[in-house]
Amino acid sequence: MGAARGRDRGMSATTPAEHAPPGKTPPWDPAPHRGEHADLLRVQVGATEVARYVDGAGSPAFDSPRPHLHPVRTRTGIIVTDASPADHTWHAGLGVAVQDVDGANLWGGRTYLPGPGYTWRHDHGHIEHREWLRRAPGGVRHRLAWTGPTGEVLLDEVRELHWALLDDESWRLEVSFTLTLPAARTTPVELGSPGSHGRPLAGYGGMLWRLPPCDDVDLRTPSACGEDAVHGSRPDDGARWLAWSARARPAGPNGQGGEFTVMVAPVDEATAADPWFVRVRSYPAIGSALAWSAPVEVSHGRPLRRAFTFVVADGRWPDDRVTGAMTSTRPGATWPTPPSAA
């Protein structure tokens, strides 16, 4: 891969406050309570429970509670997600979140405002599971509601998850989400981000995978290596997949550490047009940005849909193996587009 491959190698993805009490709490809730999340689903692949899908209801309101996958594990049991870390307690495993949904914060934490910057506000909403539309071996579909701070439903969502065993070292996860307007709503809903509000290179919002504290990080796409080069690159412009290889630290006294690789690629053209959002030095995360530098709208007749395929693997996979996995696991028929997102 050449000399550029080594720019992030040896780097630790963590923060000094990794094991400290949460330091980012609003003035009205300096000692927040965090309860248990209820299970929505437990994903079994072979002999391993590789993921737990929870409702997020145990999070405080300022974390913008929402369904998410955590813990996610490799086939040998290495945990490759983190949730409620001290540096950003609103980061929650693998999930979907947006900081500005028609003025409501469905990301969590402080809201970025043009001029003042990050500001604590009583503007947090939440995303909640409403009903299962399909539950079958290897896949589910369910309906969710994106709700504002006063309880109004801003958006309806249909989310699908599919999973399958690939081999002794890896398994596949496919995630799609479709956002539509509630029937009673007459005006579009605008989705924004700090990037669309003027903060350069901070257009986060959409899919986010918060990774665990880990060392010897190797972050890359087919066309770039390292945080600075990958951040903001686009799948439809050469960065067609994203891979994170690292050594996870043991999670808790009984946790298992070890080397792993997480890979992700967009499924369709709309998803491929969104830039990658990544962090290594400040915290470990990979994601895809819906509103990188400008807002996007959801309106009647114009739903917003994004779809991803992930591969979770034990070991540090080389690029040719990543390319092979991301090519051979393209979903195809497993991604029916629901008419009217129903």
# chains A, B, ... in the order shown; residues from 1 in each chain; ligands from 1
>>> closest_atom_pairs(of="range 60-106 of chain A", to="range 178-189 of chain A", cutoff="12 Å", atoms="only C-alpha atoms", output="tab-separated table")
residue	atom	partner	partner_atom	distance
A:Val96	CA	A:Thr178	CA	11.0
A:Ala97	CA	A:Leu179	CA	11.8
A:Val98	CA	A:Leu179	CA	11.9
A:Asp100	CA	A:Val189	CA	10.0
A:Val101	CA	A:Val189	CA	6.9
A:Asp102	CA	A:Val189	CA	5.5
A:Gly103	CA	A:Val189	CA	9.3
A:Ala104	CA	A:Val189	CA	10.6
>>> select_by_dssp(residues="range 37-238 of chain A", states="helix (DSSP H, G or I)", output="count of residues only")
10
>>> residues_around(residues="Val54 in chain A", least_positions_apart="5", cutoff="12 Å", atoms="only C-alpha atoms", output="VMD selection string")
chain A and resid 36 to 43 59 65 to 72 83 92 to 95 127 to 129
>>> closest_residue(among="A:Ser196, A:Ser293, A:Ser328, A:Ser288", to="Trp276 in chain A", atoms="only C-alpha atoms")
A:Ser288
>>> residues_around(residues="range 321-324 of chain A", least_positions_apart="4", cutoff="8 Å", atoms="only C-alpha atoms", output="list of chain:residue names")
A:Trp241, A:Ala243, A:Met263, A:Trp317, A:Ser328
>>> closest_residue(among="A:Ala31, A:Ala270, A:Val230, A:Val45", to="Ile286 in chain A", atoms="only C-alpha atoms")
A:Val230
